[in-house]
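Here is the file query_23.cif (mmCIF, C-alpha atoms and all ligand atoms).
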```cif
data_structure
loop_
_atom_site.label_atom_id
_atom_site.label_comp_id
_atom_site.auth_asym_id
_atom_site.auth_seq_id
_atom_site.Cartn_x
_atom_site.Cartn_y
_atom_site.Cartn_z
CA MET U 213 -88.61 -21.26 -164.50
CA ALA U 214 -88.08 -17.61 -165.44
CA ARG U 215 -84.47 -16.54 -165.15
CA LEU U 216 -83.64 -13.79 -162.67
CA ARG U 217 -82.98 -10.56 -164.54
CA THR U 218 -79.62 -9.39 -163.19
CA ALA U 219 -77.46 -6.30 -163.60
CA VAL U 220 -73.75 -5.94 -162.88
CA LEU U 221 -72.18 -2.66 -161.74
CA ILE U 222 -68.49 -2.18 -162.49
CA SER U 223 -65.78 0.46 -162.43
CA GLY U 224 -62.81 -1.33 -164.01
CA ARG U 225 -61.40 -4.28 -165.91
CA GLY U 226 -64.36 -6.54 -165.23
CA SER U 227 -62.77 -9.96 -164.75
CA ASN U 228 -65.51 -10.92 -162.27
CA LEU U 229 -68.09 -9.59 -164.71
CA ARG U 230 -66.58 -11.90 -167.32
CA ALA U 231 -66.90 -14.89 -164.96
CA LEU U 232 -70.55 -14.00 -164.33
CA LEU U 233 -71.28 -13.54 -168.03
CA ASP U 234 -69.69 -16.91 -168.85
CA ALA U 235 -71.63 -18.65 -166.09
CA CYS U 236 -74.93 -17.13 -167.25
CA ALA U 237 -74.38 -17.89 -170.93
CA PRO U 238 -76.19 -21.28 -170.90
CA PRO U 239 -79.91 -20.70 -171.41
CA ASP U 240 -80.75 -22.78 -168.36
CA ALA U 241 -78.64 -20.67 -165.97
CA ALA U 242 -80.77 -19.36 -163.08
CA ALA U 243 -79.67 -15.78 -163.71
CA GLU U 244 -79.70 -13.76 -166.91
CA ILE U 245 -77.41 -10.73 -167.13
CA VAL U 246 -79.43 -8.10 -168.93
CA LEU U 247 -77.49 -4.93 -168.16
CA VAL U 248 -73.99 -3.78 -167.23
CA ILE U 249 -73.44 -0.27 -165.89
CA SER U 250 -70.05 1.36 -165.33
CA ASN U 251 -69.57 4.61 -163.45
CA VAL U 252 -66.24 5.02 -165.26
CA VAL U 253 -65.98 5.94 -168.92
CA GLY U 254 -63.85 3.44 -170.84
CA ALA U 255 -63.86 0.74 -168.13
CA GLY U 256 -62.52 -2.50 -169.63
CA GLY U 257 -65.55 -4.44 -168.47
CA LEU U 258 -67.80 -2.53 -170.88
CA GLU U 259 -66.12 -4.31 -173.78
CA ARG U 260 -66.56 -7.68 -172.10
CA ALA U 261 -70.29 -7.00 -171.84
CA ALA U 262 -70.51 -5.89 -175.44
CA ASP U 263 -68.63 -9.03 -176.54
CA ALA U 264 -71.27 -11.09 -174.75
CA GLY U 265 -74.08 -9.15 -176.42
CA VAL U 266 -75.25 -7.58 -173.16
CA ALA U 267 -76.36 -3.92 -172.94
CA ALA U 268 -73.48 -1.93 -171.47
CA GLU U 269 -73.87 1.67 -170.40
CA VAL U 270 -71.99 4.39 -168.54
CA ILE U 271 -73.57 6.43 -165.78
CA ASP U 272 -70.74 8.76 -164.83
CA HIS U 273 -70.99 9.78 -161.17
CA ARG U 274 -69.08 12.99 -161.96
CA GLU U 275 -72.06 14.27 -163.91
CA PHE U 276 -74.23 14.37 -160.80
CA ALA U 277 -74.38 16.85 -157.94
CA GLY U 278 -73.88 14.17 -155.28
CA ARG U 279 -74.32 10.52 -154.35
CA GLU U 280 -78.12 10.60 -154.10
CA PRO U 281 -78.82 11.95 -157.59
CA PHE U 282 -76.25 9.54 -159.04
CA GLU U 283 -77.89 6.63 -157.26
CA ARG U 284 -81.37 7.79 -158.31
CA ALA U 285 -80.18 7.57 -161.92
CA LEU U 286 -78.79 4.09 -161.27
CA THR U 287 -82.03 2.86 -159.69
CA GLU U 288 -84.14 4.44 -162.42
CA ARG U 289 -82.11 2.63 -165.11
CA LEU U 290 -82.05 -0.67 -163.21
CA GLU U 291 -85.81 -0.57 -162.68
CA ARG U 292 -86.44 0.34 -166.32
CA ALA U 293 -84.54 -2.86 -167.17
CA ASP U 294 -86.80 -4.74 -164.74
CA VAL U 295 -83.82 -6.05 -162.80
CA GLY U 296 -84.40 -8.29 -159.78
CA LEU U 297 -80.79 -8.55 -158.60
CA VAL U 298 -77.76 -6.26 -158.73
CA CYS U 299 -74.19 -7.58 -158.53
CA LEU U 300 -71.36 -5.24 -157.57
CA ALA U 301 -68.19 -6.41 -159.29
CA GLY U 302 -65.33 -4.04 -158.64
CA PHE U 303 -67.75 -1.10 -158.35
CA MET U 304 -65.66 1.54 -156.62
CA ARG U 305 -68.33 3.93 -155.29
CA LEU U 306 -69.60 3.86 -151.74
CA LEU U 307 -73.38 3.51 -151.74
CA THR U 308 -75.71 5.43 -149.45
CA PRO U 309 -77.99 3.62 -146.98
CA GLY U 310 -80.96 4.78 -149.08
CA PHE U 311 -79.75 2.91 -152.16
CA VAL U 312 -78.68 -0.15 -150.17
CA GLU U 313 -82.02 -0.39 -148.36
CA HIS U 314 -83.95 0.09 -151.60
CA TRP U 315 -82.15 -2.98 -153.00
CA ARG U 316 -82.07 -4.90 -149.71
CA ASP U 317 -81.47 -8.64 -150.29
CA ARG U 318 -81.33 -7.90 -154.02
CA LEU U 319 -77.78 -6.45 -153.95
CA ILE U 320 -74.62 -8.60 -153.65
CA ASN U 321 -70.92 -7.80 -153.66
CA ILE U 322 -67.58 -9.57 -153.92
CA HIS U 323 -64.74 -8.55 -151.63
CA PRO U 324 -61.16 -9.84 -151.75
CA SER U 325 -60.82 -10.97 -148.14
CA LEU U 326 -62.35 -13.41 -145.70
CA LEU U 327 -64.87 -10.98 -144.22
CA PRO U 328 -65.29 -9.66 -141.61
CA ALA U 329 -61.46 -9.41 -141.74
CA TYR U 330 -59.86 -6.79 -143.96
CA LYS U 331 -62.76 -4.60 -144.99
CA GLY U 332 -61.88 -1.72 -147.30
CA LEU U 333 -58.99 -1.31 -149.70
CA ASP U 334 -55.49 -2.85 -149.94
CA THR U 335 -56.70 -6.09 -148.40
CA HIS U 336 -53.80 -8.22 -149.63
CA ALA U 337 -51.02 -5.87 -148.51
CA ARG U 338 -52.61 -5.60 -145.06
CA ALA U 339 -53.05 -9.37 -144.78
CA LEU U 340 -49.41 -9.96 -145.76
CA ALA U 341 -48.23 -7.32 -143.28
CA ASP U 342 -50.10 -9.20 -140.57
CA GLY U 343 -48.46 -12.46 -141.61
CA VAL U 344 -51.69 -14.36 -142.19
CA ARG U 345 -51.29 -17.86 -143.67
CA ILE U 346 -54.72 -18.03 -145.24
CA ALA U 347 -56.40 -15.27 -147.24
CA GLY U 348 -59.54 -15.43 -149.36
CA CYS U 349 -62.62 -13.79 -150.76
CA THR U 350 -66.29 -13.37 -149.90
CA VAL U 351 -69.58 -12.84 -151.70
CA HIS U 352 -72.19 -11.24 -149.46
CA PHE U 353 -75.48 -9.39 -149.46
CA VAL U 354 -74.85 -5.67 -149.10
CA ARG U 355 -75.78 -3.71 -145.98
CA PRO U 356 -75.23 0.00 -145.31
CA ASP U 357 -71.92 -0.51 -143.47
CA MET U 358 -69.00 -0.93 -145.85
CA ASP U 359 -68.16 -4.55 -146.74
CA ALA U 360 -70.75 -5.85 -144.30
CA GLY U 361 -73.75 -8.09 -144.78
CA PRO U 362 -74.89 -11.71 -144.76
CA ILE U 363 -72.22 -13.99 -146.25
CA ILE U 364 -73.21 -16.25 -149.15
CA VAL U 365 -69.96 -17.97 -150.22
CA GLN U 366 -66.31 -17.72 -149.18
CA ALA U 367 -63.12 -19.25 -150.56
CA ALA U 368 -59.95 -19.69 -148.51
CA VAL U 369 -56.67 -19.24 -150.37
CA PRO U 370 -53.21 -20.09 -148.98
CA VAL U 371 -50.52 -17.45 -148.66
CA HIS U 372 -47.30 -18.77 -150.21
CA PRO U 373 -43.77 -17.99 -149.01
CA GLY U 374 -42.50 -14.98 -150.96
CA ASP U 375 -45.96 -13.71 -151.89
CA ASP U 376 -46.39 -10.02 -152.52
CA ALA U 377 -49.71 -8.20 -152.80
CA ALA U 378 -49.82 -8.77 -156.56
CA SER U 379 -49.17 -12.52 -156.45
CA LEU U 380 -51.66 -13.00 -153.63
CA ALA U 381 -54.25 -10.89 -155.47
CA THR U 382 -53.84 -13.08 -158.55
CA ARG U 383 -54.39 -16.26 -156.53
CA VAL U 384 -57.41 -14.80 -154.75
CA LEU U 385 -58.86 -13.49 -158.01
CA THR U 386 -58.91 -17.01 -159.45
CA ALA U 387 -61.03 -18.03 -156.47
CA GLU U 388 -63.25 -14.94 -156.90
CA HIS U 389 -64.06 -16.14 -160.40
CA GLU U 390 -65.29 -19.42 -158.93
CA ILE U 391 -67.32 -18.15 -156.01
CA TYR U 392 -69.11 -15.22 -157.63
CA PRO U 393 -70.87 -17.38 -160.24
CA LEU U 394 -71.63 -19.93 -157.52
CA ALA U 395 -73.14 -17.29 -155.24
CA LEU U 396 -75.16 -15.80 -158.08
CA ALA U 397 -76.56 -19.22 -158.98
CA LEU U 398 -77.47 -19.91 -155.34
CA VAL U 399 -79.28 -16.58 -154.98
CA ALA U 400 -80.97 -16.62 -158.39
CA SER U 401 -82.25 -20.17 -157.91
CA GLY U 402 -83.70 -19.23 -154.52
CA ARG U 403 -81.45 -21.68 -152.66
CA ALA U 404 -79.65 -18.93 -150.70
CA ARG U 405 -81.94 -16.86 -148.53
CA VAL U 406 -81.37 -14.36 -145.73
CA ILE U 407 -82.94 -15.59 -142.52
CA ASP U 408 -82.40 -13.70 -139.24
CA GLY U 409 -79.46 -11.79 -140.72
CA ARG U 410 -77.58 -14.84 -141.99
CA VAL U 411 -77.72 -16.77 -145.23
CA GLU U 412 -79.19 -20.24 -145.25
CA ILE U 413 -78.49 -22.41 -148.28
CA ASP U 414 -80.75 -25.32 -149.19
CA GLY U 415 -78.93 -28.58 -149.74
CA ALA U 416 -75.41 -27.14 -149.81
CA THR U 417 -72.44 -29.27 -148.85
CA ALA U 418 -69.16 -28.06 -147.33
CA PRO U 419 -65.60 -29.39 -147.59
CA ALA U 420 -64.77 -32.12 -145.10
CA ASN U 421 -61.21 -30.99 -144.45
CA PRO U 422 -59.58 -27.82 -143.15
CA LEU U 423 -57.07 -25.90 -145.25
CA ILE U 424 -53.84 -26.00 -143.23
CA ASN U 425 -50.88 -23.77 -144.08
CA PRO U 426 -48.01 -24.71 -143.89
CA ALA U 427 -49.17 -28.00 -145.26
CA GLN U 428 -46.60 -30.18 -143.50
CA GLY U 429 -45.15 -30.02 -140.03
CA ILE U 430 -41.40 -29.75 -139.56
CA VAL U 431 -40.07 -33.19 -138.67
CA GLY U 432 -37.00 -33.77 -136.50
C1 LIG M 1 -61.90 -7.69 -157.33
O1 LIG M 1 -60.74 -8.07 -156.62
C2 LIG M 1 -63.07 -7.56 -156.41
O2 LIG M 1 -63.05 -8.47 -155.35
C3 LIG M 1 -62.91 -6.16 -155.88
O3 LIG M 1 -62.46 -5.41 -156.98
C4 LIG M 1 -61.78 -6.27 -157.89
C5 LIG M 1 -62.46 -6.12 -159.21
O4 LIG M 1 -61.79 -6.82 -160.23
N1 LIG M 1 -64.14 -5.70 -155.30
P1 LIG M 1 -62.47 -7.05 -161.64
O5 LIG M 1 -62.84 -5.68 -162.19
O6 LIG M 1 -63.66 -7.92 -161.44
O7 LIG M 1 -61.42 -7.71 -162.48
#
```
What do you get writing this file as C-alpha cells?
Amino acid sequence: MARLRTAVLISGRGSNLRALLDACAPPDAAAEIVLVISNVVGAGGLERAADAGVAAEVIDHREFAGREPFERALTERLERADVGLVCLAGFMRLLTPGFVEHWRDRLINIHPSLLPAYKGLDTHARALADGVRIAGCTVHFVRPDMDAGPIIVQAAVPVHPGDDAASLATRVLTAEHEIYPLALALVASGRARVIDGRVEIDGATAPANPLINPAQGIVG
C-alpha cells in the first residue's frame, strides 16, 4: 500500500518530530515524512530532519503581512510536496479557520494535557496548581477552536509528590513520544477515522485497569 505522504510543522527543539521520524523510518511504516517546515529560523528540529534525510525548510511568519498570507505559503508548499497529512509538533502559531478547514481531517496536533482540560499554554503549572493527581497528553484532529477537535490517542501520566512543572513536563513528554507515532500510524493506515465528530478506531484495544494515584491507600 502507498505510504501516506506526511509533513510536520515545528517551531522548536523537535523531540516529537524526532519520535515521528524514528517511527516512520522503516519502509513499511504507514506514513512517510517527506517534509518538515519550521516557522522559526534555527529551530532545533530542522537539524533532526536533516539528520534523517528529510527536506527541512523555514517559512518565517515574520516575512508575511499577516496570518493568511503566511498560511497560503504553507499550503502552497505542502501541496507542492503532495502531502496528505500535516502533523503539528510544537508549532507555536495559531492557525486561522481557513487553513484548518482546508486541511480538515488531514491536520493533527499533540497537546500536553488530557484535553479538553488545560487548553493553551503552561498546562503543567496550571495542573499542578490545581492539585491534579493525573496529567497527560492528547493527539487530536485540529478544529478552528484552539486545542479542540476529535481525540485520537491520549496517555495518562501520574503526578508525583514534589513535582514541579519541569519534572512533570519531562514525564509527559516521554508519553508524547509514544502516543504521537501511535496516532500517526492509526491515521495513516486508515484505522482511525472521524465519524460524527469523534474518532473511531478499528480493532483497537484499551487498558483493562484504571491508573490510580496515589497507588496505595493509607492503612491504619
Ligand atoms: C510538546 O510538549 C508538545 O506537546 C507541545 O509543544 C511541545 C513541543 O516539544 N505542543 P518538541 O518540540 O516536540 O520537543
Report task. In Å, rounded to a single decimal, give me how far CA of Val312 (chain U) is from CA of Ile249 (chain U). Result ->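 Taking CA of Ile249 (chain U) and CA of Val312 (chain U), their separation equals 16.6 Å.
Relative to CA of Gly278 (chain U), CA of Asp357 (chain U) is found at 18.9 Å.
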| field | Environment of ligand LIG 1 (chain M) within 10 Å, counting only C-alpha atoms and all ligand atoms, reported as a PyMOL selection string | value | chain U and resi 221-232+255-257+300-304+321-325+332-336+348-351+359+381-382+384-389+392
- Message: Give me, as a list in words, all polymer residues having an atom no more than 12 Å from Pro309 (chain U), counting only C-alpha atoms and skipping those fewer than 6 positions away in the same chain.
- Response: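 Selected residues are Arg279, Glu280, Glu283, Trp315, Arg316, Val354, Arg355, Pro356, Asp357 and Met358 of chain U.
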Atom pair CA of Ala262 (chain U) / CA of Val248 (chain U): separation (Å):
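These atoms are spaced 9.2 Å apart.
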Discussion item. Here is a test: counting all atoms listed in the file, which residue of U:Leu398, U:Ala337, U:Val252, U:Ile391 is nearest to Ser379 (chain U)?
Written reply: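 Of the candidates, the smallest distance to Ser379 (chain U) is held by U:Ala337.
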- Task: Would you mind listing what lies within 12 Å of Asn425 (chain U) as number ranges by chain, with all atoms listed in the file counted and same-chain residues fewer than 2 positions away left out?
- Result: U: 343-347, 368-373, 422-423, 427-429
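Here the question is which of U:Val253, U:Ala339, U:Ala397, U:Ala377 gets nearest to Glu275 (chain U) using all atoms listed in the file, and that residue is U:Val253.
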Can you sort out region 215-232 of chain U so it carries N, CA, C and O atoms, written as a tab-separated table (two decimals), in the frame of the given file?
```
chain	number	residue	atom	x	y	z
U	215	ARG	N	-85.81	-16.86	-165.64
U	215	ARG	CA	-84.47	-16.54	-165.15
U	215	ARG	C	-84.51	-15.19	-164.45
U	215	ARG	O	-85.30	-14.31	-164.81
U	216	LEU	N	-83.65	-15.03	-163.44
U	216	LEU	CA	-83.64	-13.79	-162.67
U	216	LEU	C	-82.89	-12.71	-163.46
U	216	LEU	O	-81.68	-12.86	-163.74
U	217	ARG	N	-83.60	-11.65	-163.79
U	217	ARG	CA	-82.98	-10.56	-164.54
U	217	ARG	C	-81.99	-9.84	-163.63
U	217	ARG	O	-82.35	-9.34	-162.56
U	218	THR	N	-80.73	-9.82	-164.05
U	218	THR	CA	-79.62	-9.39	-163.19
U	218	THR	C	-78.80	-8.32	-163.88
U	218	THR	O	-78.55	-8.40	-165.09
U	219	ALA	N	-78.37	-7.33	-163.10
U	219	ALA	CA	-77.46	-6.30	-163.60
U	219	ALA	C	-76.13	-6.39	-162.86
U	219	ALA	O	-76.08	-6.85	-161.72
U	220	VAL	N	-75.07	-5.96	-163.51
U	220	VAL	CA	-73.75	-5.94	-162.88
U	220	VAL	C	-73.23	-4.51	-162.95
U	220	VAL	O	-73.24	-3.89	-164.01
U	221	LEU	N	-72.78	-3.99	-161.80
U	221	LEU	CA	-72.18	-2.66	-161.74
U	221	LEU	C	-70.67	-2.80	-161.62
U	221	LEU	O	-70.18	-3.55	-160.76
U	222	ILE	N	-69.96	-2.08	-162.45
U	222	ILE	CA	-68.49	-2.18	-162.49
U	222	ILE	C	-67.87	-0.78	-162.50
U	222	ILE	O	-68.54	0.22	-162.77
U	223	SER	N	-66.55	-0.78	-162.25
U	223	SER	CA	-65.78	0.46	-162.43
U	223	SER	C	-64.50	0.21	-163.23
U	223	SER	O	-63.82	1.18	-163.58
U	224	GLY	N	-64.14	-1.07	-163.45
U	224	GLY	CA	-62.81	-1.33	-164.01
U	224	GLY	C	-62.75	-2.44	-165.02
U	224	GLY	O	-63.64	-2.59	-165.87
U	225	ARG	N	-61.72	-3.30	-164.85
U	225	ARG	CA	-61.40	-4.28	-165.91
U	225	ARG	C	-62.47	-5.33	-166.12
U	225	ARG	O	-62.61	-5.89	-167.20
U	226	GLY	N	-63.20	-5.67	-165.05
U	226	GLY	CA	-64.36	-6.54	-165.23
U	226	GLY	C	-64.06	-8.02	-165.36
U	226	GLY	O	-64.80	-8.75	-166.04
U	227	SER	N	-63.02	-8.51	-164.66
U	227	SER	CA	-62.77	-9.96	-164.75
U	227	SER	C	-63.86	-10.76	-164.02
U	227	SER	O	-64.25	-11.85	-164.48
U	228	ASN	N	-64.38	-10.24	-162.92
U	228	ASN	CA	-65.51	-10.92	-162.27
U	228	ASN	C	-66.76	-10.84	-163.14
U	228	ASN	O	-67.52	-11.81	-163.22
U	229	LEU	N	-66.97	-9.71	-163.76
U	229	LEU	CA	-68.09	-9.59	-164.71
U	229	LEU	C	-67.99	-10.69	-165.76
U	229	LEU	O	-68.98	-11.35	-166.09
U	230	ARG	N	-66.78	-10.87	-166.29
U	230	ARG	CA	-66.58	-11.90	-167.32
U	230	ARG	C	-66.96	-13.29	-166.79
U	230	ARG	O	-67.63	-14.06	-167.47
U	231	ALA	N	-66.55	-13.59	-165.55
U	231	ALA	CA	-66.90	-14.89	-164.96
U	231	ALA	C	-68.42	-15.03	-164.84
U	231	ALA	O	-68.98	-16.10	-165.09
U	232	LEU	N	-69.09	-13.94	-164.47
U	232	LEU	CA	-70.55	-14.00	-164.33
U	232	LEU	C	-71.22	-14.16	-165.70
U	232	LEU	O	-72.17	-14.95	-165.85
```
